$ cat work_33.pdb   # PDB, C-alpha atoms, pLDDT in the B column
ATOM      1  CA  MET A 845     291.387 137.659 192.676  1.00 49.00           C
ATOM      2  CA  LYS A 846     294.628 136.443 191.129  1.00 50.00           C
ATOM      3  CA  GLY A 847     296.433 139.456 192.557  1.00 49.00           C
ATOM      4  CA  ALA A 848     295.144 138.655 196.028  1.00 47.00           C
ATOM      5  CA  LYS A 849     296.465 135.089 195.755  1.00 47.00           C
ATOM      6  CA  ARG A 850     299.841 136.377 194.660  1.00 47.00           C
ATOM      7  CA  ALA A 851     299.909 138.846 197.536  1.00 46.00           C
ATOM      8  CA  ARG A 852     298.945 136.116 199.996  1.00 46.00           C
ATOM      9  CA  GLY A 853     301.517 133.773 198.486  1.00 46.00           C
ATOM     10  CA  ALA A 854     304.227 136.359 198.786  1.00 45.00           C
ATOM     11  CA  SER A 855     303.312 137.222 202.340  1.00 45.00           C
ATOM     12  CA  GLY A 856     302.944 133.498 203.073  1.00 45.00           C
ATOM     13  CA  ALA A 857     306.488 132.888 201.904  1.00 45.00           C
ATOM     14  CA  LYS A 858     307.690 135.811 203.909  1.00 46.00           C
ATOM     15  CA  GLY A 859     305.787 134.544 206.981  1.00 46.00           C
ATOM     16  CA  ALA A 860     307.117 131.017 206.519  1.00 45.00           C
ATOM     17  CA  GLY A 861     310.637 132.304 206.491  1.00 46.00           C
ATOM     18  CA  ALA A 862     310.027 134.310 209.627  1.00 44.00           C
ATOM     19  CA  ARG A 863     308.386 131.340 211.345  1.00 46.00           C
ATOM     20  CA  GLY A 864     311.240 129.067 210.359  1.00 45.00           C
ATOM     21  CA  ALA A 865     313.814 131.426 211.802  1.00 45.00           C
ATOM     22  CA  LYS A 866     311.729 131.949 214.889  1.00 47.00           C
ATOM     23  CA  GLY A 867     311.249 128.198 215.422  1.00 47.00           C
ATOM     24  CA  ALA A 868     314.948 127.486 214.986  1.00 47.00           C
ATOM     25  CA  GLY A 869     315.833 130.305 217.342  1.00 48.00           C
ATOM     26  CA  ALA A 870     313.579 128.999 220.107  1.00 48.00           C
ATOM     27  CA  LYS A 871     315.199 125.562 220.179  1.00 51.00           C
ATOM     28  CA  GLY A 872     318.872 126.219 220.267  1.00 51.00           C
ATOM     29  CA  ALA A 873     319.393 129.954 220.120  1.00 51.00           C
ATOM     30  CA  ARG A 874     322.773 131.222 221.157  1.00 53.00           C
ATOM     31  CA  SER A 875     323.904 134.680 221.920  1.00 52.00           C
ATOM     32  CA  ALA A 876     326.468 136.438 219.733  1.00 55.00           C
ATOM     33  CA  LYS A 877     329.300 134.911 221.781  1.00 59.00           C
ATOM     34  CA  GLY A 878     327.971 131.349 221.328  1.00 59.00           C
ATOM     35  CA  ALA A 879     326.734 130.775 224.905  1.00 60.00           C
ATOM     36  CA  PRO A 880     323.194 129.440 225.366  1.00 62.00           C
ATOM     37  CA  ARG A 881     320.554 131.912 226.460  1.00 66.00           C
ATOM     38  CA  SER A 882     319.705 131.738 230.142  1.00 67.00           C
ATOM     39  CA  ARG A 883     316.088 130.969 230.953  1.00 76.00           C
ATOM     40  CA  ARG A 884     314.332 132.969 233.583  1.00 77.00           C
ATOM     41  CA  PRO A 885     313.241 130.788 236.488  1.00 73.00           C
ATOM     42  CA  GLN A 886     309.504 130.309 236.572  1.00 77.00           C
ATOM     43  CA  ILE A 887     307.816 131.161 239.816  1.00 80.00           C
ATOM     44  CA  ALA A 888     304.985 128.843 240.812  1.00 75.00           C
ATOM     45  CA  LYS A 889     301.680 130.537 241.248  1.00 79.00           C
ATOM     46  CA  PRO A 890     299.810 129.902 244.510  1.00 81.00           C
ATOM     47  CA  ALA A 891     297.240 127.108 244.488  1.00 78.00           C
ATOM     48  CA  GLU A 892     293.599 128.005 244.688  1.00 85.00           C
ATOM     49  CA  ALA A 893     291.335 126.707 247.441  1.00 85.00           C
ATOM     50  CA  ARG A 894     289.518 124.303 245.117  1.00 86.00           C
ATOM     51  CA  GLU A 895     292.819 122.763 243.995  1.00 85.00           C
ATOM     52  CA  ILE A 896     293.911 122.281 247.602  1.00 85.00           C
ATOM     53  CA  GLU A 897     290.567 120.648 248.441  1.00 87.00           C
ATOM     54  CA  ALA A 898     290.891 118.305 245.443  1.00 86.00           C
ATOM     55  CA  ILE A 899     294.360 117.240 246.610  1.00 85.00           C
ATOM     56  CA  ARG A 900     293.083 116.755 250.170  1.00 84.00           C
ATOM     57  CA  ARG A 901     290.253 114.515 248.882  1.00 83.00           C
ATOM     58  CA  GLN A 902     292.723 112.424 246.866  1.00 83.00           C
ATOM     59  CA  ILE A 903     294.928 111.934 249.928  1.00 82.00           C
ATOM     60  CA  GLU A 904     291.919 110.917 252.041  1.00 79.00           C
ATOM     61  CA  ASN A 905     290.789 108.427 249.364  1.00 74.00           C
ATOM     62  CA  VAL A 906     294.218 106.820 249.192  1.00 73.00           C
ATOM     63  CA  ALA A 907     294.529 106.710 252.984  1.00 68.00           C
ATOM     64  CA  SER A 908     291.073 105.189 253.457  1.00 66.00           C
ATOM     65  CA  ALA A 909     291.746 102.482 250.844  1.00 60.00           C
ATOM     66  CA  ARG A 910     294.459 100.932 253.015  1.00 58.00           C
ATOM     67  CA  THR A 911     293.665  98.241 255.525  1.00 55.00           C
ATOM     68  CA  PRO A 912     293.363  99.939 258.898  1.00 56.00           C
ATOM     69  CA  ARG A 913     296.014  99.104 261.454  1.00 61.00           C
ATOM     70  CA  TRP A 914     295.011  97.729 264.837  1.00 58.00           C
ATOM     71  CA  ASN A 915     293.650 100.568 266.907  1.00 62.00           C
ATOM     72  CA  ALA A 916     291.986  99.777 270.204  1.00 60.00           C
ATOM     73  CA  ASP A 917     289.019 102.110 270.391  1.00 67.00           C
ATOM     74  CA  PRO A 918     288.184 102.642 274.088  1.00 72.00           C
ATOM     75  CA  ASP A 919     284.520 101.899 273.401  1.00 69.00           C
ATOM     76  CA  ASP A 920     285.333  98.725 271.501  1.00 79.00           C
ATOM     77  CA  VAL A 921     288.379  97.337 273.290  1.00 82.00           C
ATOM     78  CA  ARG A 922     286.973  93.863 273.861  1.00 82.00           C
ATOM     79  CA  ARG A 923     286.199  93.318 270.174  1.00 83.00           C
ATOM     80  CA  SER A 924     289.542  94.816 269.083  1.00 82.00           C
ATOM     81  CA  VAL A 925     291.547  92.633 271.461  1.00 85.00           C
ATOM     82  CA  LEU A 926     289.638  89.530 270.366  1.00 88.00           C
ATOM     83  CA  LYS A 927     290.289  90.449 266.730  1.00 88.00           C
ATOM     84  CA  LEU A 928     294.022  90.750 267.460  1.00 88.00           C
ATOM     85  CA  VAL A 929     294.127  87.467 269.413  1.00 92.00           C
ATOM     86  CA  LEU A 930     292.171  85.592 266.729  1.00 93.00           C
ATOM     87  CA  THR A 931     294.492  86.976 264.050  1.00 92.00           C
ATOM     88  CA  LEU A 932     297.536  85.716 265.943  1.00 93.00           C
ATOM     89  CA  VAL A 933     295.928  82.319 266.616  1.00 94.00           C
ATOM     90  CA  GLU A 934     295.057  82.034 262.896  1.00 92.00           C
ATOM     91  CA  LEU A 935     298.673  82.836 262.006  1.00 92.00           C
ATOM     92  CA  ILE A 936     299.913  80.111 264.373  1.00 94.00           C
ATOM     93  CA  ARG A 937     297.336  77.653 262.993  1.00 93.00           C
ATOM     94  CA  GLN A 938     298.545  78.290 259.430  1.00 92.00           C
ATOM     95  CA  LEU A 939     302.167  77.834 260.497  1.00 94.00           C
ATOM     96  CA  LEU A 940     301.333  74.558 262.260  1.00 94.00           C
ATOM     97  CA  GLU A 941     299.432  73.388 259.189  1.00 94.00           C
ATOM     98  CA  ARG A 942     302.411  74.079 256.919  1.00 94.00           C
ATOM     99  CA  GLN A 943     304.750  72.337 259.328  1.00 95.00           C
ATOM    100  CA  ALA A 944     302.441  69.299 259.479  1.00 93.00           C
ATOM    101  CA  ILE A 945     302.349  69.133 255.676  1.00 93.00           C
ATOM    102  CA  ARG A 946     306.170  69.272 255.513  1.00 94.00           C
ATOM    103  CA  ARG A 947     306.479  66.527 258.124  1.00 93.00           C
ATOM    104  CA  MET A 948     303.843  64.432 256.368  1.00 91.00           C
ATOM    105  CA  GLU A 949     305.632  64.799 253.011  1.00 93.00           C
ATOM    106  CA  GLY A 950     308.967  64.066 254.722  1.00 93.00           C
ATOM    107  CA  GLY A 951     307.563  60.879 256.213  1.00 92.00           C
ATOM    108  CA  THR A 952     308.164  61.823 259.854  1.00 94.00           C
ATOM    109  CA  LEU A 953     304.456  61.555 260.804  1.00 90.00           C
ATOM    110  CA  SER A 954     302.634  58.275 261.076  1.00 92.00           C
ATOM    111  CA  ASP A 955     299.144  57.904 259.621  1.00 91.00           C
ATOM    112  CA  ALA A 956     297.609  58.176 263.111  1.00 93.00           C
ATOM    113  CA  GLU A 957     299.616  61.339 263.889  1.00 93.00           C
ATOM    114  CA  THR A 958     298.666  62.861 260.524  1.00 92.00           C
ATOM    115  CA  GLU A 959     294.996  62.176 261.257  1.00 94.00           C
ATOM    116  CA  SER A 960     295.280  63.594 264.791  1.00 95.00           C
ATOM    117  CA  VAL A 961     297.058  66.786 263.679  1.00 94.00           C
ATOM    118  CA  GLY A 962     294.581  67.271 260.825  1.00 93.00           C
ATOM    119  CA  LEU A 963     291.566  66.980 263.142  1.00 96.00           C
ATOM    120  CA  ALA A 964     293.109  69.312 265.725  1.00 95.00           C
ATOM    121  CA  LEU A 965     293.831  71.982 263.079  1.00 95.00           C
ATOM    122  CA  MET A 966     290.297  71.691 261.669  1.00 95.00           C
ATOM    123  CA  LYS A 967     288.765  72.076 265.165  1.00 96.00           C
ATOM    124  CA  LEU A 968     291.009  75.078 265.837  1.00 94.00           C
ATOM    125  CA  GLN A 969     289.882  76.716 262.599  1.00 94.00           C
ATOM    126  CA  GLU A 970     286.214  76.079 263.475  1.00 95.00           C
ATOM    127  CA  THR A 971     286.742  77.595 266.930  1.00 95.00           C
ATOM    128  CA  ILE A 972     288.363  80.698 265.436  1.00 93.00           C
ATOM    129  CA  LEU A 973     285.451  81.147 263.020  1.00 92.00           C
ATOM    130  CA  GLU A 974     282.843  80.612 265.780  1.00 94.00           C
ATOM    131  CA  LEU A 975     284.449  83.203 268.070  1.00 92.00           C
ATOM    132  CA  ALA A 976     284.730  85.648 265.176  1.00 91.00           C
ATOM    133  CA  LYS A 977     281.044  85.127 264.372  1.00 92.00           C
ATOM    134  CA  GLN A 978     280.031  85.726 268.019  1.00 90.00           C
ATOM    135  CA  PHE A 979     281.724  89.134 267.950  1.00 86.00           C
ATOM    136  CA  ASP A 980     280.573  89.992 264.428  1.00 88.00           C
ATOM    137  CA  ILE A 981     284.084  89.788 262.956  1.00 89.00           C
ATOM    138  CA  SER A 982     284.338  88.551 259.392  1.00 89.00           C
ATOM    139  CA  PRO A 983     287.188  86.136 258.572  1.00 85.00           C
ATOM    140  CA  ASP A 984     288.570  88.748 256.167  1.00 84.00           C
ATOM    141  CA  GLU A 985     289.127  91.108 259.113  1.00 85.00           C
ATOM    142  CA  LEU A 986     291.498  88.649 260.769  1.00 85.00           C
ATOM    143  CA  ASN A 987     294.606  90.285 259.395  1.00 83.00           C
ATOM    144  CA  LEU A 988     297.047  92.992 260.415  1.00 79.00           C
ATOM    145  CA  ASP A 989     298.508  95.713 258.250  1.00 76.00           C
ATOM    146  CA  LEU A 990     302.250  95.735 258.867  1.00 74.00           C
ATOM    147  CA  GLY A 991     302.834  98.972 256.989  1.00 73.00           C
ATOM    148  CA  PRO A 992     305.492  98.763 254.286  1.00 77.00           C
ATOM    149  CA  VAL A 993     305.921  95.023 254.865  1.00 79.00           C
ATOM    150  CA  GLY A 994     302.316  94.327 253.841  1.00 78.00           C
ATOM    151  CA  LYS A 995     299.600  92.277 255.464  1.00 80.00           C
ATOM    152  CA  LEU A 996     300.306  89.612 258.065  1.00 80.00           C
ATOM    153  CA  LEU A 997     298.218  86.841 256.479  1.00 75.00           C
TER     154      LEU A 997
END
$ encode --input "work_33.pdb" --output "structure tokens"
Amino acid sequence: MKGAKRARGASGAKGAGARGAKGAGAKGARSAKGAPRSRRPQIAKPAEAREIEAIRRQIENVASARTPRWNADPDDVRRSVLKLVLTLVELIRQLLERQAIRRMEGGTLSDAETESVGLALMKLQETILELAKQFDISPDELNLDLGPVGKLL
């Protein structure tokens, strides 16, 4: 038993030395002239069908997660056009609202004008929501995807 341990210990030391040299050689080995060893270029292996399908599914998931851009489907043109028009009217309403707030804070609107503008903007918003409801368009759909710029509203 003791002899076996000694034999293993001796071979272990021998192996450790070989591993140490091997490990050092792999990191920064140089040829006899001191130049680094050239690595063989690795050639990519062709993708399997299941890998290609997995990539295709990932692309479809990412593409479907985006807000769809306005696309007038021939069967649904009326609804699509109304959605576009309501989106633009909502954008204008929000701009008018911001402008009215700036003018109110700046003191350029009288109390009567502030009241009148406020009522008009509220009625416009109600009208937009009523028309959207008639055509089964949720208020969240009243937006446009502007690509890299982001959403309109």
$ resolve_selection --input "work_33.pdb" --expression "the PyMOL selection byres ((chain A and resi 986) around 10)" --output "PyMOL selection string"
chain A and resi 926-935+972-973+976+981-985+987-988+996-997
$ closest_residue --input "work_33.pdb" --among "A:Thr952, A:Asn905, A:Gln938, A:Gln978" --to "A:Leu965" --atoms "only C-alpha atoms"
A:Gln938
$ closest_residue --input "work_33.pdb" --among "A:Ile887, A:Val961, A:Ala898, A:Val925" --to "A:Met948" --atoms "all atoms listed in the file"
A:Val961
$ closest_residue --input "work_33.pdb" --among "A:Arg923, A:Arg942, A:Arg937, A:Arg883" --to "A:Asp980" --atoms "all atoms listed in the file"
A:Arg923
$ atom_distance --input "work_33.pdb" --atom1 "atom CA of A:Ile903" --atom2 "atom CA of A:Ala891"
16.3 Å
$ closest_residue --input "work_33.pdb" --among "A:Leu939, A:Leu990, A:Ala944, A:Ile899" --to "A:Glu959" --atoms "only C-alpha atoms"
A:Ala944
$ atom_distance --input "work_33.pdb" --atom1 "atom CA of A:Gly951" --atom2 "atom CA of A:Met966"
21.1 Å
